[in-house]
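Have a look at the structure below, then the notes.
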Amino acid sequence: MIFLKLIVTNLLRHRIRSLISIAGIAFSVAAMLTVVTILQGAIGMFSGILSSNSEIIVFERNVSDLFFSNVPTGALNEIAQWPMVDHADPVLFGIVSSADHPIITCFGVTAADARIRKANWITGERLTFAQHTDDVVLGERAAEYLSAKLGDQVPIGHGLFHVIGIIKTSNGFEDGGVFMPLSAAQSFFHKEGSSSVITIKLRNKDDASSFKSEVKTTFPNLIALEDSEFTRSYSQFKILKATAWAVGGCGLLLGGFGVANTMIMSVFTRIREIAILRVNGFSGLQIAAMIFGESAAVSLTGAVFGLLTGSCLLYALKLVPALHGYVDVTLQPVVMLIVILLALVTGIAGALYPAAYAMRIRAVEALRFE
Amino acid sequence: MNSLTTQTYTEPRIVLRAEGVWKCYDDGAISVLKGVAFEIVEGQTVALCGPSGCGKSTLLHLFGGLDFPERGRVSVNGVEVNRYRNLLRLLRHEVGFVFQLHNLIPDLTLEENCLIPTVAAGIDRSIARTRLYQMAERTGLTHRLGHRIQKLSGGERQRTALCRALMNRPKILLADEPTGSLDEQSSAAVFELLLEVVATEGVTLLMATHDRTLAARCDRLLEMHDGRIHEPVSA
């Protein structure tokens, strides 16, 4: 109890200094949580596009980005005939720009695609999709920023398209995207006879392994991955995740420097007090434990405030109309736990030198210290 | 037939011993102790007198294991201090320190300050509390236990320091000018208490002091001069 009191007392003794350190950790944690959660959400949304009514995704082997993947229609037709396949949907991804929007994601899909079949159509009739090559269906947010309504002609990229429907989806990418008939997209993006991926729904999920082997044998240039495997192994996702953690980590590192500074000051300003504890039988390890206890208290308090701040920030971002559907604020317990642990580790790392210094304080010299 | 009377004679136990102790500073440029040698037996109260800078505090630090001699041996309870495998044991259980400045932690209460040595030694809380109440009663501080150090008078602070020094029942008390920062009246009162507590607890006292009146009330007086000990014929 007295040990804890020694820790708390010292933090309270220099309230402003402690608060600055706590704020440093809190902002770092909030930044990390926000960046990681937004990117995880984005990855989740992108995965959601691919896994819509499917379990397996087939794409070109060794491509760094799905936008560069080419799956021949011949492969699609053959795979669709395999007995284990319930249905195979080709999707062509493309990016175009319009006057005010540099990036618009286009999805070239067939009328049978679940994204069209199962979508919530705000306006328009789903049966009219893919009847003309210049027809497009807009996501609700795409319609909003293109100021388009049913029947309008909208300029997208170098073409002019006819809006035959507006759909609502919870997925930010789809909601801000443009759906074209596959053949129109192939022509528009000069990818005749191919799609970016094929999403596969199997009759029996247990056939996943044999399906993957079959693809490997029949189409050496293609690779089939289950959705979870894809999310784990897709290099773009890996880069995004690494970037998110790196950015967050840098923030936390700065917070750690703040803790280190606080702890160094904390030790330097009470050398005499540490000497008193030594004279009264405190071991070096007990002194170090006290210093680590202080930094852990700062880090954990900062982490708690950071989590609260980060959560509030994410909810605020979700409420921004322009970001509607793009920010997934589902806080993952694993992310929260990792963030707390990182904050704790950072705090403890920041206390290493101060603790080592405090352990080396010689009582006989420190007692002369005024 | 004469009856033979057997008289048992027990030699007093030496608890503090210095043998040819040298202590230098500034890479040997300044010699503070120059071959100091003396012994103190169990239960004695010994005053160490001498001018400022003659090495009184240094000697106390050596006995407390806070510093080490360049040459010679310093022993506590028969064990050489610089060979103490565990100097913590010496500080936690063998010796207690009282300094001129009380050296209490100002943000803690009197009670918390006194309990610090028991926390360091890992003594059971209930045992520590029992001891605390006993010592607080002996030093007349029971009513002040919950008070912060800033609220205490100089005399009370020094009594608290005494209380804290004896919490783990050490048998040796090293006091460095324990009344040096007090006015005459408080000084006399604290010293009186010090002698009383030391006697009650059966503690050996080695006290550095400038005050010859107080020193005269100890069992022995050791004069320190120019880094050497001179024991007057009678204290």
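We name chains A, B, ... following the order of the structure tokens; residues begin at 1 in each chain, and ligands are numbered from 1 as shown.
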Set the distance at 12 Å and use only C-alpha atoms: which residues neighbour Ile103 in chain A once local chain neighbours fewer than 3 positions away are removed? I'd like the list as a PDB file with N, CA and C atoms, in the first residue's frame.
ATOM      1  N   GLY A  94     -11.836  -1.381 -61.810  1.00  0.00           N
ATOM      2  CA  GLY A  94     -11.200  -0.306 -62.551  1.00  0.00           C
ATOM      3  C   GLY A  94     -11.340   0.993 -61.786  1.00  0.00           C
ATOM      4  N   ILE A  95     -10.424   1.907 -62.051  1.00  0.00           N
ATOM      5  CA  ILE A  95     -10.503   3.213 -61.384  1.00  0.00           C
ATOM      6  C   ILE A  95     -10.568   4.291 -62.461  1.00  0.00           C
ATOM      7  N   VAL A  96     -11.529   5.146 -62.354  1.00  0.00           N
ATOM      8  CA  VAL A  96     -11.650   6.262 -63.294  1.00  0.00           C
ATOM      9  C   VAL A  96     -11.760   7.557 -62.514  1.00  0.00           C
ATOM     10  N   SER A  97     -11.835   8.650 -63.211  1.00  0.00           N
ATOM     11  CA  SER A  97     -12.041   9.917 -62.511  1.00  0.00           C
ATOM     12  C   SER A  97     -13.133  10.704 -63.210  1.00  0.00           C
ATOM     13  N   SER A  98     -13.726  11.602 -62.469  1.00  0.00           N
ATOM     14  CA  SER A  98     -14.692  12.520 -63.080  1.00  0.00           C
ATOM     15  C   SER A  98     -14.212  13.935 -62.764  1.00  0.00           C
ATOM     16  N   ALA A  99     -14.989  14.913 -63.142  1.00  0.00           N
ATOM     17  CA  ALA A  99     -14.546  16.312 -63.002  1.00  0.00           C
ATOM     18  C   ALA A  99     -14.036  16.654 -61.599  1.00  0.00           C
ATOM     19  N   ASP A 100     -14.837  16.343 -60.591  1.00  0.00           N
ATOM     20  CA  ASP A 100     -14.459  16.747 -59.226  1.00  0.00           C
ATOM     21  C   ASP A 100     -13.914  15.598 -58.384  1.00  0.00           C
ATOM     22  N   CYS A 106     -14.763   1.455 -60.149  1.00  0.00           N
ATOM     23  CA  CYS A 106     -15.779   0.842 -61.020  1.00  0.00           C
ATOM     24  C   CYS A 106     -15.752  -0.669 -60.845  1.00  0.00           C
ATOM     25  N   ALA A 142     -21.999   7.587 -54.447  1.00  0.00           N
ATOM     26  CA  ALA A 142     -21.498   7.991 -55.768  1.00  0.00           C
ATOM     27  C   ALA A 142     -22.533   8.885 -56.451  1.00  0.00           C
ATOM     28  N   TYR A 145     -22.223  12.361 -54.825  1.00  0.00           N
ATOM     29  CA  TYR A 145     -21.134  13.258 -55.220  1.00  0.00           C
ATOM     30  C   TYR A 145     -21.102  13.519 -56.732  1.00  0.00           C
ATOM     31  N   LEU A 146     -21.773  12.643 -57.512  1.00  0.00           N
ATOM     32  CA  LEU A 146     -21.853  12.924 -58.956  1.00  0.00           C
ATOM     33  C   LEU A 146     -23.108  13.738 -59.280  1.00  0.00           C
ATOM     34  N   ILE A 156     -18.186   9.775 -66.780  1.00  0.00           N
ATOM     35  CA  ILE A 156     -17.260   9.002 -65.933  1.00  0.00           C
ATOM     36  C   ILE A 156     -16.064   8.653 -66.803  1.00  0.00           C
ATOM     37  N   GLY A 157     -14.902   9.102 -66.370  1.00  0.00           N
ATOM     38  CA  GLY A 157     -13.720   8.884 -67.188  1.00  0.00           C
ATOM     39  C   GLY A 157     -13.912   9.541 -68.544  1.00  0.00           C
ATOM     40  N   PHE A 173     -16.898   1.213 -50.081  1.00  0.00           N
ATOM     41  CA  PHE A 173     -16.362   1.188 -51.446  1.00  0.00           C
ATOM     42  C   PHE A 173     -17.472   0.998 -52.476  1.00  0.00           C
ATOM     43  N   GLY A 176     -19.688   4.040 -52.748  1.00  0.00           N
ATOM     44  CA  GLY A 176     -19.099   5.162 -53.492  1.00  0.00           C
ATOM     45  C   GLY A 176     -18.672   4.748 -54.886  1.00  0.00           C
ATOM     46  N   GLY A 177     -19.081   3.551 -55.317  1.00  0.00           N
ATOM     47  CA  GLY A 177     -18.621   3.013 -56.596  1.00  0.00           C
ATOM     48  C   GLY A 177     -19.668   3.040 -57.693  1.00  0.00           C
ATOM     49  N   VAL A 178     -19.192   2.643 -58.871  1.00  0.00           N
ATOM     50  CA  VAL A 178     -20.051   2.601 -60.065  1.00  0.00           C
ATOM     51  C   VAL A 178     -20.068   1.156 -60.571  1.00  0.00           C
TER      52      VAL A 178
END
Name the residues in contact with range 155-159 of chain B at a cut-off of 12 Å, using only C-alpha atoms, excluding same-chain residues fewer than 6 positions from it; report them as a PDB file with N, CA and C atoms, in the first residue's frame.
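Saved file part_22.pdb follows:
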ATOM      1  N   PHE B  97      19.376   4.318  11.099  1.00  0.00           N
ATOM      2  CA  PHE B  97      20.028   5.625  10.933  1.00  0.00           C
ATOM      3  C   PHE B  97      19.111   6.753  11.365  1.00  0.00           C
ATOM      4  N   VAL B  98      19.694   7.728  12.090  1.00  0.00           N
ATOM      5  CA  VAL B  98      18.994   8.999  12.317  1.00  0.00           C
ATOM      6  C   VAL B  98      19.969  10.091  11.883  1.00  0.00           C
ATOM      7  N   PHE B  99      19.485  10.998  11.019  1.00  0.00           N
ATOM      8  CA  PHE B  99      20.363  12.053  10.478  1.00  0.00           C
ATOM      9  C   PHE B  99      20.050  13.406  11.125  1.00  0.00           C
ATOM     10  N   GLN B 100      20.941  14.350  10.861  1.00  0.00           N
ATOM     11  CA  GLN B 100      20.713  15.700  11.383  1.00  0.00           C
ATOM     12  C   GLN B 100      19.423  16.283  10.801  1.00  0.00           C
ATOM     13  N   LEU B 101      19.303  16.161   9.477  1.00  0.00           N
ATOM     14  CA  LEU B 101      18.037  16.535   8.841  1.00  0.00           C
ATOM     15  C   LEU B 101      17.188  15.269   8.913  1.00  0.00           C
ATOM     16  N   HIS B 102      15.955  15.429   9.256  1.00  0.00           N
ATOM     17  CA  HIS B 102      15.132  14.251   9.545  1.00  0.00           C
ATOM     18  C   HIS B 102      15.057  13.256   8.394  1.00  0.00           C
ATOM     19  N   ASN B 103      15.212  13.749   7.151  1.00  0.00           N
ATOM     20  CA  ASN B 103      15.160  12.877   5.980  1.00  0.00           C
ATOM     21  C   ASN B 103      13.884  12.044   5.908  1.00  0.00           C
ATOM     22  N   LEU B 104      12.775  12.701   6.142  1.00  0.00           N
ATOM     23  CA  LEU B 104      11.480  12.035   5.994  1.00  0.00           C
ATOM     24  C   LEU B 104      10.908  12.432   4.636  1.00  0.00           C
ATOM     25  N   ILE B 105       9.973  11.641   4.149  1.00  0.00           N
ATOM     26  CA  ILE B 105       9.358  11.978   2.856  1.00  0.00           C
ATOM     27  C   ILE B 105       8.156  12.879   3.121  1.00  0.00           C
ATOM     28  N   PRO B 106       8.241  14.125   2.684  1.00  0.00           N
ATOM     29  CA  PRO B 106       7.257  15.132   3.103  1.00  0.00           C
ATOM     30  C   PRO B 106       5.821  14.859   2.687  1.00  0.00           C
ATOM     31  N   THR B 109       2.487  10.580   5.318  1.00  0.00           N
ATOM     32  CA  THR B 109       2.158  10.861   6.713  1.00  0.00           C
ATOM     33  C   THR B 109       3.250  10.301   7.614  1.00  0.00           C
ATOM     34  N   LEU B 110       3.157  10.656   8.874  1.00  0.00           N
ATOM     35  CA  LEU B 110       4.121  10.148   9.861  1.00  0.00           C
ATOM     36  C   LEU B 110       4.081   8.615   9.854  1.00  0.00           C
ATOM     37  N   GLU B 111       2.872   8.098   9.870  1.00  0.00           N
ATOM     38  CA  GLU B 111       2.679   6.641   9.889  1.00  0.00           C
ATOM     39  C   GLU B 111       3.345   5.986   8.668  1.00  0.00           C
ATOM     40  N   ASN B 113       5.705   7.185   6.726  1.00  0.00           N
ATOM     41  CA  ASN B 113       7.153   7.313   6.790  1.00  0.00           C
ATOM     42  C   ASN B 113       7.764   6.238   7.675  1.00  0.00           C
ATOM     43  N   CYS B 114       7.108   6.006   8.809  1.00  0.00           N
ATOM     44  CA  CYS B 114       7.649   5.020   9.748  1.00  0.00           C
ATOM     45  C   CYS B 114       7.565   3.603   9.190  1.00  0.00           C
ATOM     46  N   MET B 135       6.117   1.889  18.940  1.00  0.00           N
ATOM     47  CA  MET B 135       7.151   2.927  18.831  1.00  0.00           C
ATOM     48  C   MET B 135       6.551   4.331  18.925  1.00  0.00           C
ATOM     49  N   ALA B 136       5.354   4.479  18.345  1.00  0.00           N
ATOM     50  CA  ALA B 136       4.702   5.798  18.400  1.00  0.00           C
ATOM     51  C   ALA B 136       4.383   6.158  19.835  1.00  0.00           C
ATOM     52  N   GLU B 137       4.002   5.163  20.599  1.00  0.00           N
ATOM     53  CA  GLU B 137       3.682   5.408  22.005  1.00  0.00           C
ATOM     54  C   GLU B 137       4.951   5.781  22.775  1.00  0.00           C
ATOM     55  N   ARG B 138       6.022   5.044  22.483  1.00  0.00           N
ATOM     56  CA  ARG B 138       7.289   5.328  23.168  1.00  0.00           C
ATOM     57  C   ARG B 138       7.824   6.712  22.842  1.00  0.00           C
ATOM     58  N   THR B 139       7.575   7.151  21.630  1.00  0.00           N
ATOM     59  CA  THR B 139       8.115   8.466  21.225  1.00  0.00           C
ATOM     60  C   THR B 139       7.064   9.571  21.350  1.00  0.00           C
ATOM     61  N   GLY B 140       5.896   9.211  21.879  1.00  0.00           N
ATOM     62  CA  GLY B 140       4.855  10.211  22.114  1.00  0.00           C
ATOM     63  C   GLY B 140       4.250  10.777  20.845  1.00  0.00           C
ATOM     64  N   LEU B 141       4.145   9.944  19.821  1.00  0.00           N
ATOM     65  CA  LEU B 141       3.643  10.446  18.531  1.00  0.00           C
ATOM     66  C   LEU B 141       2.306   9.830  18.118  1.00  0.00           C
ATOM     67  N   THR B 142       1.700   9.081  19.024  1.00  0.00           N
ATOM     68  CA  THR B 142       0.466   8.356  18.669  1.00  0.00           C
ATOM     69  C   THR B 142      -0.585   9.281  18.065  1.00  0.00           C
ATOM     70  N   HIS B 143      -0.741  10.457  18.661  1.00  0.00           N
ATOM     71  CA  HIS B 143      -1.784  11.370  18.201  1.00  0.00           C
ATOM     72  C   HIS B 143      -1.447  12.033  16.869  1.00  0.00           C
ATOM     73  N   ARG B 144      -0.228  11.843  16.397  1.00  0.00           N
ATOM     74  CA  ARG B 144       0.208  12.517  15.159  1.00  0.00           C
ATOM     75  C   ARG B 144       0.360  11.535  13.984  1.00  0.00           C
ATOM     76  N   LEU B 145      -0.007  10.287  14.201  1.00  0.00           N
ATOM     77  CA  LEU B 145       0.275   9.255  13.190  1.00  0.00           C
ATOM     78  C   LEU B 145      -0.236   9.596  11.791  1.00  0.00           C
ATOM     79  N   HIS B 147      -0.762  12.479  10.524  1.00  0.00           N
ATOM     80  CA  HIS B 147      -0.402  13.820  10.049  1.00  0.00           C
ATOM     81  C   HIS B 147       0.726  13.769   9.026  1.00  0.00           C
ATOM     82  N   ARG B 148       0.660  14.692   8.079  1.00  0.00           N
ATOM     83  CA  ARG B 148       1.739  14.802   7.106  1.00  0.00           C
ATOM     84  C   ARG B 148       2.954  15.433   7.777  1.00  0.00           C
ATOM     85  N   ILE B 149       4.110  15.149   7.214  1.00  0.00           N
ATOM     86  CA  ILE B 149       5.361  15.604   7.813  1.00  0.00           C
ATOM     87  C   ILE B 149       5.421  17.132   7.917  1.00  0.00           C
ATOM     88  N   ALA B 165      13.738   4.680  12.402  1.00  0.00           N
ATOM     89  CA  ALA B 165      15.028   3.986  12.456  1.00  0.00           C
ATOM     90  C   ALA B 165      14.943   2.682  13.243  1.00  0.00           C
ATOM     91  N   LEU B 166      14.035   2.654  14.211  1.00  0.00           N
ATOM     92  CA  LEU B 166      13.967   1.472  15.094  1.00  0.00           C
ATOM     93  C   LEU B 166      12.805   0.536  14.751  1.00  0.00           C
ATOM     94  N   ALA B 175      23.496   7.553  14.842  1.00  0.00           N
ATOM     95  CA  ALA B 175      22.827   8.859  14.835  1.00  0.00           C
ATOM     96  C   ALA B 175      23.839   9.944  14.473  1.00  0.00           C
ATOM     97  N   ASP B 176      23.550  10.664  13.387  1.00  0.00           N
ATOM     98  CA  ASP B 176      24.461  11.695  12.901  1.00  0.00           C
ATOM     99  C   ASP B 176      23.889  13.064  13.261  1.00  0.00           C
ATOM    100  N   GLU B 177      24.424  13.651  14.319  1.00  0.00           N
ATOM    101  CA  GLU B 177      23.930  14.952  14.813  1.00  0.00           C
ATOM    102  C   GLU B 177      22.404  14.939  14.927  1.00  0.00           C
ATOM    103  N   PRO B 178      21.837  14.036  15.679  1.00  0.00           N
ATOM    104  CA  PRO B 178      20.372  13.887  15.678  1.00  0.00           C
ATOM    105  C   PRO B 178      19.625  15.105  16.205  1.00  0.00           C
ATOM    106  N   THR B 179      20.335  15.941  16.954  1.00  0.00           N
ATOM    107  CA  THR B 179      19.652  17.126  17.492  1.00  0.00           C
ATOM    108  C   THR B 179      20.222  18.411  16.893  1.00  0.00           C
ATOM    109  N   GLY B 180      21.062  18.255  15.903  1.00  0.00           N
ATOM    110  CA  GLY B 180      21.789  19.390  15.334  1.00  0.00           C
ATOM    111  C   GLY B 180      20.916  20.454  14.718  1.00  0.00           C
ATOM    112  N   SER B 181      19.737  20.076  14.270  1.00  0.00           N
ATOM    113  CA  SER B 181      18.882  21.059  13.582  1.00  0.00           C
ATOM    114  C   SER B 181      17.805  21.613  14.517  1.00  0.00           C
ATOM    115  N   LEU B 182      17.882  21.263  15.820  1.00  0.00           N
ATOM    116  CA  LEU B 182      16.805  21.658  16.740  1.00  0.00           C
ATOM    117  C   LEU B 182      17.264  22.780  17.680  1.00  0.00           C
ATOM    118  N   ASP B 183      16.283  23.503  18.213  1.00  0.00           N
ATOM    119  CA  ASP B 183      16.628  24.512  19.226  1.00  0.00           C
ATOM    120  C   ASP B 183      17.008  23.796  20.517  1.00  0.00           C
ATOM    121  N   GLU B 184      17.526  24.551  21.456  1.00  0.00           N
ATOM    122  CA  GLU B 184      18.090  23.951  22.672  1.00  0.00           C
ATOM    123  C   GLU B 184      17.079  23.083  23.424  1.00  0.00           C
ATOM    124  N   GLN B 185      15.862  23.620  23.539  1.00  0.00           N
ATOM    125  CA  GLN B 185      14.831  22.925  24.311  1.00  0.00           C
ATOM    126  C   GLN B 185      14.423  21.610  23.624  1.00  0.00           C
ATOM    127  N   SER B 186      14.165  21.721  22.337  1.00  0.00           N
ATOM    128  CA  SER B 186      13.769  20.525  21.574  1.00  0.00           C
ATOM    129  C   SER B 186      14.905  19.529  21.548  1.00  0.00           C
ATOM    130  N   SER B 187      16.104  20.069  21.402  1.00  0.00           N
ATOM    131  CA  SER B 187      17.290  19.225  21.338  1.00  0.00           C
ATOM    132  C   SER B 187      17.394  18.372  22.608  1.00  0.00           C
ATOM    133  N   ALA B 188      17.230  19.026  23.751  1.00  0.00           N
ATOM    134  CA  ALA B 188      17.330  18.308  25.025  1.00  0.00           C
ATOM    135  C   ALA B 188      16.240  17.254  25.132  1.00  0.00           C
ATOM    136  N   ALA B 189      15.039  17.624  24.694  1.00  0.00           N
ATOM    137  CA  ALA B 189      13.907  16.692  24.796  1.00  0.00           C
ATOM    138  C   ALA B 189      14.116  15.480  23.897  1.00  0.00           C
ATOM    139  N   VAL B 190      14.569  15.745  22.670  1.00  0.00           N
ATOM    140  CA  VAL B 190      14.765  14.636  21.720  1.00  0.00           C
ATOM    141  C   VAL B 190      15.888  13.728  22.208  1.00  0.00           C
ATOM    142  N   PHE B 191      16.955  14.353  22.720  1.00  0.00           N
ATOM    143  CA  PHE B 191      18.076  13.539  23.184  1.00  0.00           C
ATOM    144  C   PHE B 191      17.664  12.676  24.378  1.00  0.00           C
ATOM    145  N   GLU B 192      16.870  13.277  25.252  1.00  0.00           N
ATOM    146  CA  GLU B 192      16.363  12.533  26.409  1.00  0.00           C
ATOM    147  C   GLU B 192      15.581  11.296  25.946  1.00  0.00           C
ATOM    148  N   LEU B 193      14.741  11.553  24.972  1.00  0.00           N
ATOM    149  CA  LEU B 193      13.919  10.472  24.411  1.00  0.00           C
ATOM    150  C   LEU B 193      14.802   9.418  23.747  1.00  0.00           C
ATOM    151  N   LEU B 194      15.797   9.903  23.024  1.00  0.00           N
ATOM    152  CA  LEU B 194      16.720   8.993  22.338  1.00  0.00           C
ATOM    153  C   LEU B 194      17.371   8.038  23.336  1.00  0.00           C
ATOM    154  N   LEU B 195      17.886   8.591  24.423  1.00  0.00           N
ATOM    155  CA  LEU B 195      18.539   7.750  25.439  1.00  0.00           C
ATOM    156  C   LEU B 195      17.543   6.773  26.060  1.00  0.00           C
ATOM    157  N   VAL B 197      14.680   5.590  24.771  1.00  0.00           N
ATOM    158  CA  VAL B 197      14.259   4.548  23.823  1.00  0.00           C
ATOM    159  C   VAL B 197      15.370   3.542  23.606  1.00  0.00           C
TER     160      VAL B 197
END
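Put simply, CA of Phe67 in chain A is 23.2 Å away from CA of Ile167 in chain A.
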Requested in this report: Name the residues in contact with range 125-138 of chain A at a cut-off of 7 Å, using only C-alpha atoms, excluding same-chain residues fewer than 4 positions from it; report them as JSON, numbers by chain.
Outcome: {"A": [111, 116, 117, 142, 143, 161, 162, 163, 164, 165, 166, 167, 177, 178, 179, 180, 181, 184]}
Residue subset to file, keeping C-alpha atoms, as an mmCIF file, in the first residue's frame:
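And here is the file that came out, again12.cif:
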data_model
loop_
_atom_site.group_PDB
_atom_site.id
_atom_site.type_symbol
_atom_site.label_atom_id
_atom_site.label_comp_id
_atom_site.auth_asym_id
_atom_site.auth_seq_id
_atom_site.Cartn_x
_atom_site.Cartn_y
_atom_site.Cartn_z
ATOM 1 C CA ALA A 111 -26.502 -9.205 -63.965
ATOM 2 C CA ILE A 116 -26.635 -6.422 -58.120
ATOM 3 C CA ARG A 117 -29.170 -9.127 -57.322
ATOM 4 C CA ALA A 142 -21.498 7.991 -55.768
ATOM 5 C CA ALA A 143 -24.873 9.322 -56.915
ATOM 6 C CA PHE A 161 -23.091 6.776 -68.991
ATOM 7 C CA HIS A 162 -26.776 6.389 -68.388
ATOM 8 C CA VAL A 163 -27.857 5.937 -64.761
ATOM 9 C CA ILE A 164 -30.384 3.094 -64.596
ATOM 10 C CA GLY A 165 -30.384 2.634 -60.837
ATOM 11 C CA ILE A 166 -29.041 3.725 -57.464
ATOM 12 C CA ILE A 167 -28.323 1.153 -54.819
ATOM 13 C CA GLY A 177 -18.621 3.013 -56.596
ATOM 14 C CA VAL A 178 -20.051 2.601 -60.065
ATOM 15 C CA PHE A 179 -21.397 -0.748 -61.293
ATOM 16 C CA MET A 180 -21.099 -1.409 -65.019
ATOM 17 C CA PRO A 181 -22.071 -4.411 -67.062
ATOM 18 C CA ALA A 184 -18.959 -2.596 -70.917
#
Report task. Apply DSSP to the backbone of this structure and, from range 67-259 of chain A, keep only the residues in alpha helix (DSSP H); write these as a ChimeraX atom specification. Result -> /A:73-81,114-117,140-145,172-175,182-188,208-218,227-233,235-259
**Report entry** Which residue of A:Tyr234, A:Phe257, A:Tyr353, A:Phe282 approaches chain B most closely, using only C-alpha atoms
**Finding:**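 The answer is A:Phe282, which sits nearest to chain B.
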Report task. Find, counting only C-alpha atoms, the residue in B:Gly35, B:Gly28, B:Gly53, B:Pro117 that gets nearest to chain A. Result ->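 For chain A, the nearest of the candidates is B:Pro117.
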Requested in this report: Would you please work out which residue, of A:Val58, A:Ala31, A:Val279, A:Leu337, is nearest to Leu87 in chain B when using only C-alpha atoms?
Outcome: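 Once distances to Leu87 in chain B are computed over only C-alpha atoms, the minimum belongs to A:Val279.
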Report task. Do me a favour and pick out the residues of chain A within 7 Å of chain B, using only C-alpha atoms, as a ChimeraX atom specification. Result -> /A:2,9,273,276,279-283,363-364
Serialized selection, C-alpha atoms, as a JSON list (two decimals), in the first residue's frame:
[["chain", "number", "residue", "atom", "x", "y", "z"],
["A", 2, "ILE", "CA", 2.79, 2.41, 0.91],
["A", 9, "THR", "CA", 2.39, 10.56, -4.53],
["A", 273, "GLU", "CA", 14.28, 10.80, -1.50],
["A", 276, "ILE", "CA", 16.36, 7.91, 1.99],
["A", 279, "VAL", "CA", 19.08, 3.94, 3.68],
["A", 280, "ASN", "CA", 15.83, 2.47, 4.94],
["A", 281, "GLY", "CA", 16.50, -0.81, 3.21],
["A", 282, "PHE", "CA", 14.98, -0.43, -0.23],
["A", 283, "SER", "CA", 16.84, -2.58, -2.74],
["A", 363, "ALA", "CA", 22.84, 6.90, -0.76],
["A", 364, "VAL", "CA", 25.96, 8.37, 0.78]]
**Report entry** Members of range 174-337 of chain A assigned strand (DSSP E or B) by DSSP, as a list in words
**Finding:** Val178, Phe179, Met180, Pro181, Ser194, Ser195, Val197, Ile198, Thr199, Ile200, Lys201, Leu202, Leu222, Ile223, Ala224, Leu225 and Glu226 of chain A
Convert the current residue selection to file output with N, CA and C atoms, as a compact mmCIF listing (two decimals), in the first residue's frame.
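And here is the file that came out, again-v1.txt:
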# COMPACT_ATOMS: atom_id res chain seq x y z
N VAL A 178 -19.19 2.64 -58.87
CA VAL A 178 -20.05 2.60 -60.07
C VAL A 178 -20.07 1.16 -60.57
N PHE A 179 -21.27 0.62 -60.80
CA PHE A 179 -21.40 -0.75 -61.29
C PHE A 179 -21.73 -0.69 -62.78
N MET A 180 -20.89 -1.37 -63.56
CA MET A 180 -21.10 -1.41 -65.02
C MET A 180 -21.34 -2.85 -65.43
N PRO A 181 -22.00 -3.05 -66.53
CA PRO A 181 -22.07 -4.41 -67.06
C PRO A 181 -20.64 -4.87 -67.37
N SER A 194 -11.47 -10.66 -70.26
CA SER A 194 -10.93 -11.02 -68.95
C SER A 194 -11.62 -10.23 -67.83
N SER A 195 -11.44 -10.74 -66.64
CA SER A 195 -11.93 -10.03 -65.45
C SER A 195 -10.77 -9.96 -64.45
N VAL A 197 -11.04 -10.72 -61.11
CA VAL A 197 -11.15 -11.89 -60.20
C VAL A 197 -12.41 -12.67 -60.56
N ILE A 198 -12.45 -13.88 -60.05
CA ILE A 198 -13.71 -14.62 -60.08
C ILE A 198 -14.02 -14.95 -58.63
N THR A 199 -15.21 -14.61 -58.20
CA THR A 199 -15.60 -15.00 -56.83
C THR A 199 -16.44 -16.27 -56.95
N ILE A 200 -16.10 -17.22 -56.12
CA ILE A 200 -16.67 -18.57 -56.25
C ILE A 200 -17.51 -18.93 -55.03
N LYS A 201 -18.67 -19.45 -55.28
CA LYS A 201 -19.45 -20.05 -54.19
C LYS A 201 -19.51 -21.55 -54.49
N LEU A 202 -19.10 -22.32 -53.52
CA LEU A 202 -19.07 -23.77 -53.70
C LEU A 202 -20.40 -24.38 -53.23
N LEU A 222 -3.16 -19.02 -62.38
CA LEU A 222 -4.16 -18.48 -61.45
C LEU A 222 -3.95 -19.05 -60.06
N ILE A 223 -4.51 -18.36 -59.11
CA ILE A 223 -4.45 -18.86 -57.73
C ILE A 223 -5.84 -18.71 -57.11
N ALA A 224 -6.22 -19.71 -56.34
CA ALA A 224 -7.52 -19.65 -55.64
C ALA A 224 -7.24 -19.58 -54.15
N LEU A 225 -7.84 -18.62 -53.49
CA LEU A 225 -7.66 -18.49 -52.03
C LEU A 225 -9.02 -18.34 -51.36
N GLU A 226 -9.12 -18.95 -50.19
CA GLU A 226 -10.34 -18.72 -49.42
C GLU A 226 -10.30 -17.28 -48.93
Query raised in the report: Skipping near chain neighbours, those fewer than 6 positions away, what residues fall within 7 Å of Val41 in chain B using only C-alpha atoms, listed as JSON, numbers by chain?
Result: {"B": [12, 13, 14, 15, 16]}
Report task. Name all residues at most 9 Å from Val298 in chain A (count only C-alpha atoms; drop same-chain ones fewer than 6 positions away) and give them as a list of chain:residue names. Result ->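 Result of the neighbour search: A:Leu11, A:Ser18, A:Leu19, A:Ser21, A:Ile22, A:Ile25, A:Val259, A:Leu344, A:Gly347.
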Query raised in the report: For Arg220 in chain B, which residue out of B:Asn82, B:Trp22, B:Asn77, B:Glu39 is the nearest one, using only C-alpha atoms?
Result: B:Glu39
**Report entry** Distance query Ile287 in chain A at most 10 Å, only C-alpha atoms, self and fewer than 6 positions along chain excluded, as a list of chain:residue names
**Finding:** A:Phe3, A:Ile274, A:Ala275, A:Leu277, A:Arg278, A:Gly293, A:Ala355, A:Ala356, A:Ala358, A:Met359, A:Arg360, A:Ile361, B:Ala120
Query raised in the report: range 348-352 of chain A: which residues within 12 Å, counting only C-alpha atoms, same-chain residues fewer than 3 positions away excluded, as an MDAnalysis selection string?
Result: chainID A and resid 21 25 252:267 287:300 341:345 355:359
